[in-house]
Structures are given as C-alpha cells and as structure tokens.
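**Q** So here's query_15.pdb (PDB, C-alpha atoms and all ligand atoms).
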ATOM      1  CA  MET A   1     132.373 -27.616  27.035
ATOM      2  CA  ILE A   2     131.509 -24.439  28.937
ATOM      3  CA  LYS A   3     128.217 -22.894  27.778
ATOM      4  CA  LEU A   4     127.879 -19.139  28.238
ATOM      5  CA  TYR A   5     124.308 -17.823  28.374
ATOM      6  CA  GLN A   6     124.174 -14.216  27.317
ATOM      7  CA  PHE A   7     122.342 -11.512  25.347
ATOM      8  CA  LYS A   8     122.750 -11.288  21.576
ATOM      9  CA  PRO A   9     125.852  -9.350  20.437
ATOM     10  CA  ALA A  10     125.165  -5.764  19.332
ATOM     11  CA  TRP A  11     126.823  -2.555  18.183
ATOM     12  CA  GLY A  12     129.869  -4.436  16.913
ATOM     13  CA  LEU A  13     130.647  -5.469  20.485
ATOM     14  CA  PRO A  14     130.876  -9.068  21.678
ATOM     15  CA  ASN A  15     127.977  -8.201  23.980
ATOM     16  CA  PRO A  16     125.879  -5.153  24.937
ATOM     17  CA  SER A  17     126.032  -6.366  28.560
ATOM     18  CA  PRO A  18     129.412  -5.612  30.134
ATOM     19  CA  PHE A  19     128.963  -8.523  32.545
ATOM     20  CA  CYS A  20     128.378 -10.999  29.687
ATOM     21  CA  MET A  21     131.248  -9.532  27.658
ATOM     22  CA  LYS A  22     133.482  -9.846  30.732
ATOM     23  CA  ILE A  23     132.990 -13.619  30.786
ATOM     24  CA  GLU A  24     133.457 -14.162  27.062
ATOM     25  CA  THR A  25     136.595 -12.004  27.133
ATOM     26  CA  TYR A  26     137.945 -13.890  30.128
ATOM     27  CA  LEU A  27     137.302 -17.263  28.430
ATOM     28  CA  ARG A  28     139.255 -16.069  25.408
ATOM     29  CA  MET A  29     142.052 -14.620  27.514
ATOM     30  CA  ALA A  30     142.357 -17.859  29.483
ATOM     31  CA  GLY A  31     142.243 -19.961  26.299
ATOM     32  CA  LEU A  32     139.246 -22.012  27.483
ATOM     33  CA  SER A  33     136.919 -23.657  24.958
ATOM     34  CA  TYR A  34     133.347 -22.450  25.187
ATOM     35  CA  GLU A  35     130.094 -22.163  23.337
ATOM     36  CA  VAL A  36     127.849 -19.096  23.492
ATOM     37  CA  ILE A  37     124.091 -19.337  23.833
ATOM     38  CA  ASN A  38     123.072 -15.933  22.501
ATOM     39  CA  GLY A  39     119.596 -14.560  23.052
ATOM     40  CA  ALA A  40     119.254 -16.001  26.558
ATOM     41  CA  VAL A  41     116.702 -14.210  28.729
ATOM     42  CA  PRO A  42     117.291 -13.059  32.324
ATOM     43  CA  PHE A  43     113.965 -14.338  33.642
ATOM     44  CA  LYS A  44     115.040 -17.908  32.882
ATOM     45  CA  ALA A  45     118.465 -17.454  34.511
ATOM     46  CA  PRO A  46     119.160 -18.916  37.976
ATOM     47  CA  LYS A  47     119.502 -15.451  39.530
ATOM     48  CA  LYS A  48     117.288 -13.703  36.962
ATOM     49  CA  LYS A  49     120.311 -11.922  35.523
ATOM     50  CA  LEU A  50     122.800 -12.701  32.758
ATOM     51  CA  PRO A  51     125.395 -14.070  32.372
ATOM     52  CA  TYR A  52     125.430 -17.586  33.698
ATOM     53  CA  ILE A  53     127.375 -20.627  32.607
ATOM     54  CA  GLU A  54     126.868 -24.366  32.468
ATOM     55  CA  ASP A  55     129.899 -26.598  32.685
ATOM     56  CA  GLY A  56     128.846 -30.236  32.682
ATOM     57  CA  THR A  57     126.520 -30.543  35.643
ATOM     58  CA  GLN A  58     127.654 -27.247  37.196
ATOM     59  CA  VAL A  59     125.564 -24.108  36.747
ATOM     60  CA  VAL A  60     127.170 -20.883  37.915
ATOM     61  CA  ALA A  61     125.420 -17.509  37.902
ATOM     62  CA  ASP A  62     126.948 -14.038  38.418
ATOM     63  CA  SER A  63     130.128 -12.994  36.646
ATOM     64  CA  GLY A  64     132.063 -12.714  39.920
ATOM     65  CA  PHE A  65     131.214 -16.288  40.932
ATOM     66  CA  ILE A  66     131.868 -17.444  37.369
ATOM     67  CA  PHE A  67     135.382 -15.939  37.572
ATOM     68  CA  LYS A  68     135.911 -17.693  40.882
ATOM     69  CA  TYR A  69     134.666 -21.026  39.517
ATOM     70  CA  LEU A  70     136.760 -20.813  36.342
ATOM     71  CA  LYS A  71     139.907 -19.883  38.252
ATOM     72  CA  GLN A  72     139.406 -22.696  40.763
ATOM     73  CA  THR A  73     138.505 -25.286  38.125
ATOM     74  CA  TYR A  74     140.889 -24.423  35.304
ATOM     75  CA  GLY A  75     143.695 -22.563  37.087
ATOM     76  CA  ASP A  76     144.525 -18.904  37.323
ATOM     77  CA  LYS A  77     147.329 -18.424  34.819
ATOM     78  CA  LEU A  78     146.350 -14.839  34.009
ATOM     79  CA  ASP A  79     146.796 -13.586  37.563
ATOM     80  CA  GLU A  80     149.427 -15.990  38.877
ATOM     81  CA  ASN A  81     152.228 -13.436  38.778
ATOM     82  CA  LEU A  82     150.350 -10.669  40.568
ATOM     83  CA  SER A  83     151.440  -9.908  44.132
ATOM     84  CA  ALA A  84     148.827  -9.774  46.914
ATOM     85  CA  GLY A  85     149.007  -5.954  46.725
ATOM     86  CA  GLU A  86     148.449  -5.961  42.955
ATOM     87  CA  LYS A  87     145.514  -8.341  43.366
ATOM     88  CA  ALA A  88     144.029  -5.940  45.921
ATOM     89  CA  SER A  89     144.434  -3.028  43.492
ATOM     90  CA  ALA A  90     142.844  -5.026  40.666
ATOM     91  CA  HIS A  91     139.971  -5.928  42.990
ATOM     92  CA  ALA A  92     139.374  -2.254  43.847
ATOM     93  CA  LEU A  93     139.502  -1.322  40.157
ATOM     94  CA  SER A  94     136.962  -3.994  39.270
ATOM     95  CA  ARG A  95     134.615  -2.602  41.918
ATOM     96  CA  LEU A  96     134.925   0.867  40.369
ATOM     97  CA  PHE A  97     133.731  -0.515  37.043
ATOM     98  CA  GLU A  98     131.068  -2.883  38.320
ATOM     99  CA  GLU A  99     129.657  -1.136  41.351
ATOM    100  CA  ASN A 100     129.939   2.543  40.442
ATOM    101  CA  LEU A 101     130.572   3.325  36.780
ATOM    102  CA  TYR A 102     128.048   0.637  35.806
ATOM    103  CA  TRP A 103     125.188   2.641  37.326
ATOM    104  CA  VAL A 104     126.075   5.763  35.380
ATOM    105  CA  ALA A 105     126.242   3.760  32.148
ATOM    106  CA  LEU A 106     122.909   2.137  33.031
ATOM    107  CA  TYR A 107     121.321   5.553  33.637
ATOM    108  CA  SER A 108     122.664   6.802  30.331
ATOM    109  CA  ARG A 109     121.380   3.824  28.319
ATOM    110  CA  TRP A 110     117.965   3.438  29.819
ATOM    111  CA  LEU A 111     116.848   6.783  31.197
ATOM    112  CA  GLU A 112     118.139   9.256  28.603
ATOM    113  CA  GLU A 113     115.221   9.490  26.158
ATOM    114  CA  SER A 114     117.113   9.506  22.838
ATOM    115  CA  ILE A 115     119.500   6.764  23.927
ATOM    116  CA  TYR A 116     116.671   4.642  25.300
ATOM    117  CA  LEU A 117     115.109   4.444  21.821
ATOM    118  CA  GLU A 118     118.277   2.817  20.475
ATOM    119  CA  THR A 119     118.678   0.620  23.574
ATOM    120  CA  LYS A 120     115.090  -0.542  23.111
ATOM    121  CA  ARG A 121     115.760  -1.375  19.455
ATOM    122  CA  VAL A 122     118.818  -3.447  20.340
ATOM    123  CA  PHE A 123     117.359  -5.362  23.279
ATOM    124  CA  PHE A 124     113.749  -5.761  22.146
ATOM    125  CA  GLY A 125     113.809  -5.238  18.372
ATOM    126  CA  ALA A 126     112.819  -8.851  17.726
ATOM    127  CA  ILE A 127     109.590  -8.561  19.754
ATOM    128  CA  PRO A 128     106.373  -7.474  17.946
ATOM    129  CA  PRO A 129     105.841  -3.685  18.379
ATOM    130  CA  ILE A 130     102.950  -3.617  20.884
ATOM    131  CA  LEU A 131     104.507  -6.226  23.123
ATOM    132  CA  ARG A 132     107.882  -4.510  22.693
ATOM    133  CA  GLU A 133     106.590  -1.267  24.240
ATOM    134  CA  LEU A 134     105.119  -3.208  27.137
ATOM    135  CA  VAL A 135     108.196  -5.322  27.870
ATOM    136  CA  ALA A 136     110.705  -2.498  27.329
ATOM    137  CA  GLY A 137     108.595  -0.161  29.468
ATOM    138  CA  ARG A 138     108.498  -2.695  32.282
ATOM    139  CA  VAL A 139     112.264  -3.274  32.143
ATOM    140  CA  ARG A 140     112.863   0.469  32.075
ATOM    141  CA  LYS A 141     110.639   0.964  35.110
ATOM    142  CA  GLY A 142     112.610  -1.728  36.959
ATOM    143  CA  ILE A 143     115.896  -0.047  36.079
ATOM    144  CA  ARG A 144     114.612   3.362  37.233
ATOM    145  CA  LYS A 145     113.615   1.772  40.541
ATOM    146  CA  ALA A 146     116.972  -0.020  40.896
ATOM    147  CA  LEU A 147     118.876   3.208  40.172
ATOM    148  CA  TYR A 148     116.878   5.014  42.840
ATOM    149  CA  ALA A 149     117.344   2.232  45.395
ATOM    150  CA  GLN A 150     121.105   2.075  44.713
ATOM    151  CA  GLY A 151     121.328   5.853  45.044
ATOM    152  CA  THR A 152     122.614   7.024  41.675
ATOM    153  CA  GLY A 153     119.058   7.687  40.531
ATOM    154  CA  ARG A 154     118.569  10.293  43.263
ATOM    155  CA  HIS A 155     121.100  12.688  41.715
ATOM    156  CA  SER A 156     120.559  15.236  38.955
ATOM    157  CA  ARG A 157     121.627  14.355  35.406
ATOM    158  CA  ASP A 158     124.724  16.574  35.694
ATOM    159  CA  GLU A 159     125.680  15.044  39.021
ATOM    160  CA  ILE A 160     125.316  11.509  37.637
ATOM    161  CA  TYR A 161     127.590  12.304  34.714
ATOM    162  CA  ASP A 162     130.053  14.004  37.076
ATOM    163  CA  ILE A 163     130.325  10.718  38.970
ATOM    164  CA  GLY A 164     130.938   8.723  35.793
ATOM    165  CA  LYS A 165     133.394  11.223  34.345
ATOM    166  CA  ALA A 166     135.470  11.161  37.540
ATOM    167  CA  ASP A 167     135.678   7.359  37.249
ATOM    168  CA  LEU A 168     136.781   7.532  33.621
ATOM    169  CA  THR A 169     139.423  10.144  34.427
ATOM    170  CA  ALA A 170     140.794   7.993  37.262
ATOM    171  CA  VAL A 171     140.848   4.916  35.055
ATOM    172  CA  SER A 172     142.635   6.787  32.284
ATOM    173  CA  VAL A 173     145.282   8.063  34.722
ATOM    174  CA  TRP A 174     145.673   4.550  36.157
ATOM    175  CA  LEU A 175     146.256   3.079  32.705
ATOM    176  CA  GLY A 176     148.586   5.882  31.607
ATOM    177  CA  GLU A 177     150.960   4.634  28.929
ATOM    178  CA  ARG A 178     150.773   0.988  29.990
ATOM    179  CA  PRO A 179     149.305  -1.511  27.551
ATOM    180  CA  PHE A 180     147.180  -3.261  30.214
ATOM    181  CA  PHE A 181     145.734  -2.260  33.571
ATOM    182  CA  MET A 182     148.251  -4.160  35.668
ATOM    183  CA  GLY A 183     151.220  -3.413  33.410
ATOM    184  CA  ALA A 184     152.843  -5.113  30.442
ATOM    185  CA  THR A 185     150.860  -8.353  30.715
ATOM    186  CA  PRO A 186     147.082  -8.795  30.474
ATOM    187  CA  THR A 187     145.355 -10.058  33.640
ATOM    188  CA  SER A 188     141.769 -10.900  34.500
ATOM    189  CA  VAL A 189     140.893  -7.319  35.441
ATOM    190  CA  ASP A 190     141.426  -6.438  31.771
ATOM    191  CA  ALA A 191     138.407  -8.590  30.905
ATOM    192  CA  ILE A 192     136.389  -6.279  33.151
ATOM    193  CA  ALA A 193     138.000  -3.012  32.076
ATOM    194  CA  TYR A 194     137.628  -3.772  28.362
ATOM    195  CA  SER A 195     134.003  -4.836  28.747
ATOM    196  CA  PHE A 196     132.915  -1.747  30.646
ATOM    197  CA  LEU A 197     134.999   0.726  28.637
ATOM    198  CA  GLY A 198     134.003  -0.933  25.353
ATOM    199  CA  ASN A 199     130.343  -0.686  26.305
ATOM    200  CA  ILE A 200     130.724   3.037  26.973
ATOM    201  CA  LEU A 201     132.969   3.981  24.045
ATOM    202  CA  VAL A 202     131.878   1.774  21.153
ATOM    203  CA  PRO A 203     128.040   1.935  20.859
ATOM    204  CA  PRO A 204     126.754   4.813  18.708
ATOM    205  CA  LEU A 205     125.041   6.454  21.687
ATOM    206  CA  LYS A 206     125.685  10.151  22.233
ATOM    207  CA  SER A 207     126.134  10.890  25.910
ATOM    208  CA  PRO A 208     128.316  13.102  28.112
ATOM    209  CA  LEU A 209     129.821   9.875  29.505
ATOM    210  CA  LYS A 210     130.941   8.675  26.096
ATOM    211  CA  ALA A 211     132.132  12.175  25.108
ATOM    212  CA  HIS A 212     134.314  12.321  28.203
ATOM    213  CA  GLY A 213     135.674   8.807  27.572
ATOM    214  CA  MET A 214     136.506   9.755  23.990
ATOM    215  CA  SER A 215     138.445  12.792  25.245
ATOM    216  CA  LEU A 216     140.829  10.399  27.032
ATOM    217  CA  PRO A 217     142.608   8.802  24.068
ATOM    218  CA  ASN A 218     144.362   6.015  25.943
ATOM    219  CA  LEU A 219     140.977   4.437  26.706
ATOM    220  CA  SER A 220     139.994   3.941  23.041
ATOM    221  CA  THR A 221     143.502   2.765  22.200
ATOM    222  CA  TYR A 222     143.247   0.248  25.017
ATOM    223  CA  CYS A 223     139.901  -1.080  23.717
ATOM    224  CA  GLU A 224     141.367  -1.465  20.245
ATOM    225  CA  ARG A 225     144.349  -3.311  21.728
ATOM    226  CA  MET A 226     142.096  -5.758  23.605
ATOM    227  CA  LYS A 227     139.846  -6.263  20.574
ATOM    228  CA  ASN A 228     142.799  -6.981  18.286
ATOM    229  CA  LYS A 229     144.413  -9.338  20.753
ATOM    230  CA  TYR A 230     141.375 -11.398  21.739
ATOM    231  CA  TYR A 231     138.716 -11.053  19.081
ATOM    232  CA  GLU A 232     140.537 -10.655  15.792
ATOM    233  CA  THR A 233     142.904 -13.598  15.764
TER     234      THR A 233
HETATM  235  N1  LIG B   1     126.362  -9.032  39.537
HETATM  236  C1  LIG B   1     125.936  -9.566  38.275
HETATM  237  C2  LIG B   1     125.313  -8.463  37.452
HETATM  238  C3  LIG B   1     124.706  -8.978  36.163
HETATM  239  C4  LIG B   1     123.724  -7.992  35.572
HETATM  240  O1  LIG B   1     123.437  -6.917  36.127
HETATM  241  N2  LIG B   1     123.184  -8.358  34.409
HETATM  242  C5  LIG B   1     122.207  -7.538  33.763
HETATM  243  C6  LIG B   1     122.632  -7.221  32.334
HETATM  244  S1  LIG B   1     124.054  -6.174  32.293
HETATM  245  C7  LIG B   1     120.893  -8.292  33.682
HETATM  246  O2  LIG B   1     120.848  -9.469  33.401
HETATM  247  N3  LIG B   1     119.794  -7.588  33.933
HETATM  248  C8  LIG B   1     118.493  -8.154  33.778
HETATM  249  C9  LIG B   1     117.584  -7.765  34.889
HETATM  250  O3  LIG B   1     118.024  -7.152  35.870
HETATM  251  O4  LIG B   1     116.400  -8.094  34.749
HETATM  252  C10 LIG B   1     127.112 -10.191  37.555
HETATM  253  O5  LIG B   1     128.263  -9.836  37.858
HETATM  254  O6  LIG B   1     126.887 -11.088  36.716
END
Please express what this file holds, its structure, as structure tokens.

**A**
Amino acid sequence: MIKLYQFKPAWGLPNPSPFCMKIETYLRMAGLSYEVINGAVPFKAPKKKLPYIEDGTQVVADSGFIFKYLKQTYGDKLDENLSAGEKASAHALSRLFEENLYWVALYSRWLEESIYLETKRVFFGAIPPILRELVAGRVRKGIRKALYAQGTGRHSRDEIYDIGKADLTAVSVWLGERPFFMGATPTSVDAIAYSFLGNILVPPLKSPLKAHGMSLPNLSTYCERMKNKYYET
C-alpha cells in the first residue's frame, strides 16, 4: 500500500499544501489504493519537504518525482491519450502553477500580516503558544529568505499580486468552457491545477490573489467539479 506523508488537512481542503494535495488527488484520479499519514513534519522528510511517499521498500520525495514513479510503476492511464504536443502544453502549465504562481500564494499566506495569523493557527495550532511563536517565526523567516532568493520577494506587494493575477487570468482563459485543462477528459495536470487553484480559492483568507481568482467564475466551478468527482464519491 502506498503511504503518503503530508500535512494535516485544513480549511475543508484535502491539504493546505498544494504539493501534498496534488499527490492525493492524483492517487484518487488514478484509482490507486493509498493510506495518508497526516501530520508528517518536513524536517523528518528525505528532502526536508512534504510530500513524500513510501511504497514497500521505495521512498520517493518531491511531487514531481512521485508522479514519475507512480506513472512508471502503475501505468499512465490518465495521460495515455495525450499527444506529445499536449503533454508539452500540460508540462508548461504545471510549471506555471508550481514555479511561478506558487510563490505569489506563498507570499500571500506567510508574509501578509493578517493572513499569517490564520496560517500560523492552521500549521502550528497544536504546538504550545510560546513554542508556537518560535517555530512559526523561524519558518516564516525561512520563507521570507526563500522568496527573496527566488526573486518574487524583491518586488512590491502590488507587483507580486500583479504577477499572480496574470497567471490566474491566463489559466482561466486556457480552461475556458472546457471541463478539464486538457479538454473533456481529466489528465494528471488536473491534479496540479485543482490543488493550486483550490488552495488559493477555498481557504478563508482575504487577499487580492483570491479576489482576482473569484472574479473568474470558471475557476471556482472547475474546483467544485474536481471536488465532486474525486472527493465526494
Ligand atoms: N518541489 C517540491 C516542493 C514541495 C514543497 O515546497 N513543500 C512545502 C509545503 S507546500 C514544504 O514542505 N515546505 C517545508 C519547508 O520548506 O521547510 C515538490 O514538488 O514536492
């Protein structure tokens, strides 16, 4: 049985980490049996980040390598009908979510003061108060540093949200009236799209990023569609 190590679910989402939610969603989409180990901690993970999986004697860390492992080990039914060109498009779309929009969402969650209070409650609520401030403060400092090193953290607040809003607009236009990102049939990139969009649109966190996402109605409809199809049956 595949074991998925991830954070505890929160905000009515399968996971407050889009990368963890991506794997659980993929496992459901692919019809693979799995067990979740909620409340895992990054510092004990092989690459000091979540998610990672164990499958028998195999341990695989990083959602991209987990996708690769699962597809190689259990087959790639979800994407088998995509052409090479469609696979390339899906790849580019996944990079938009994971390598660009992610940083804006991270900024919003951890560096916006009012949102940070709620983020802190969700991620560290179980820790005694004094320790909580210490641990949360240290994680926040690390995220500020990572945002600066990656580059997003060097922009002004308005510029950062401009970057994220442009991504959401592009994604909304891409999806258009189609039920899934590659057309009529769900494919693995939908595990990514749903996890990142869900993590922006669903949590009760007021930000310009969420407000912009909510102004693009096909994105919420899409999240509802994915939730109904994979989490409510
Ligand atoms: N490239 C990794 C990214 C995973 C990642 O950034 N995980 C975050 C949570 S969303 C994490 O564990 N952060 C803990 C840390 O950096 O200490 C993947 O695709 O799995």

**Q** Hey, what's within 12 Å of Tyr148 of chain A if we count all atoms listed in the file and toss same-chain stuff fewer than 3 positions away? As a ChimeraX atom specification, please?

**A** /A:103-104,106-107,111,141-145,151-156,160

**Q** Just the residues within 12 Å of Ser220 of chain A, please, counting only C-alpha atoms, with nothing from its chain fewer than 5 positions along; format it as an NGL selection string.

**A** :A and (168 or 172 or 175 or 179 or 193-194 or 196-202 or 210-215 or 225-227)

**Q** Quick one: residues within 10 Å of ligand LIG 1 (chain B), with all atoms listed in the file, as a ChimeraX atom specification?

**A** /A:6-7,15-23,40-43,45,47-52,60-67,98-99,102-103,106,138-140,142-143,146

**Q** Rank nothing, just name the residue among A:Ile2, A:Ala90, A:Leu13, A:Leu32 nearest to Gly183 of chain A, using all atoms listed in the file.

**A**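 Answer, going by the shortest atom-to-atom distance: A:Ala90.
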
**Q** Compare A:Glu232, A:Glu80, A:Glu112, A:Glu177 by their minimum atom-to-atom distance to Leu205 of chain A, counting only C-alpha atoms, and give me the closest one.

**A**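 Going through A:Glu232, A:Glu80, A:Glu112, A:Glu177 one by one, the smallest distance to Leu205 of chain A is for A:Glu112.
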
**Q** Going by the chain IDs and residue numbers used in this file, which residues fall under the PyMOL selection byres (((chain A and resi 186) around 12) and not hetatm)? Write them as number ranges by chain.

**A** A: 25-26, 28-30, 77-82, 90, 178-185, 187-194, 222, 225-226, 229-230

**Q** Report as JSON the centre and the edge lengths, in Å to one decimal, of the axis-aligned box holding every listed atom of segment 207-210 of chain A, padded by 4 Å on each side.

**A**
{"center_x": 128.5, "center_y": 10.9, "center_z": 27.7, "size_x": 12.8, "size_y": 12.4, "size_z": 11.6}

**Q** With distances taken over all atoms listed in the file, which residue among A:Arg109, A:Ile37, A:Met1, A:Ser195 lies nearest Thr57 of chain A?

**A** A:Met1

**Q** Quick one: pull the distance between atom CA of Asp158 of chain A and atom CA of Ser89 of chain A, Å, one decimal.

**A** 28.9 Å

**Q** Ranking A:Pro14, A:Gly137, A:Pro208, A:Pro9 by minimum distance to Asp162 of chain A and counting all atoms listed in the file, which one comes first?

**A** A:Pro208

**Q** Quick one: of A:Ala170, A:Arg121, A:Lys68, A:Lys3, who's nearest to Val135 of chain A, counting only C-alpha atoms?

**A**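 Going through A:Ala170, A:Arg121, A:Lys68, A:Lys3 one by one, the smallest distance to Val135 of chain A is for A:Arg121.
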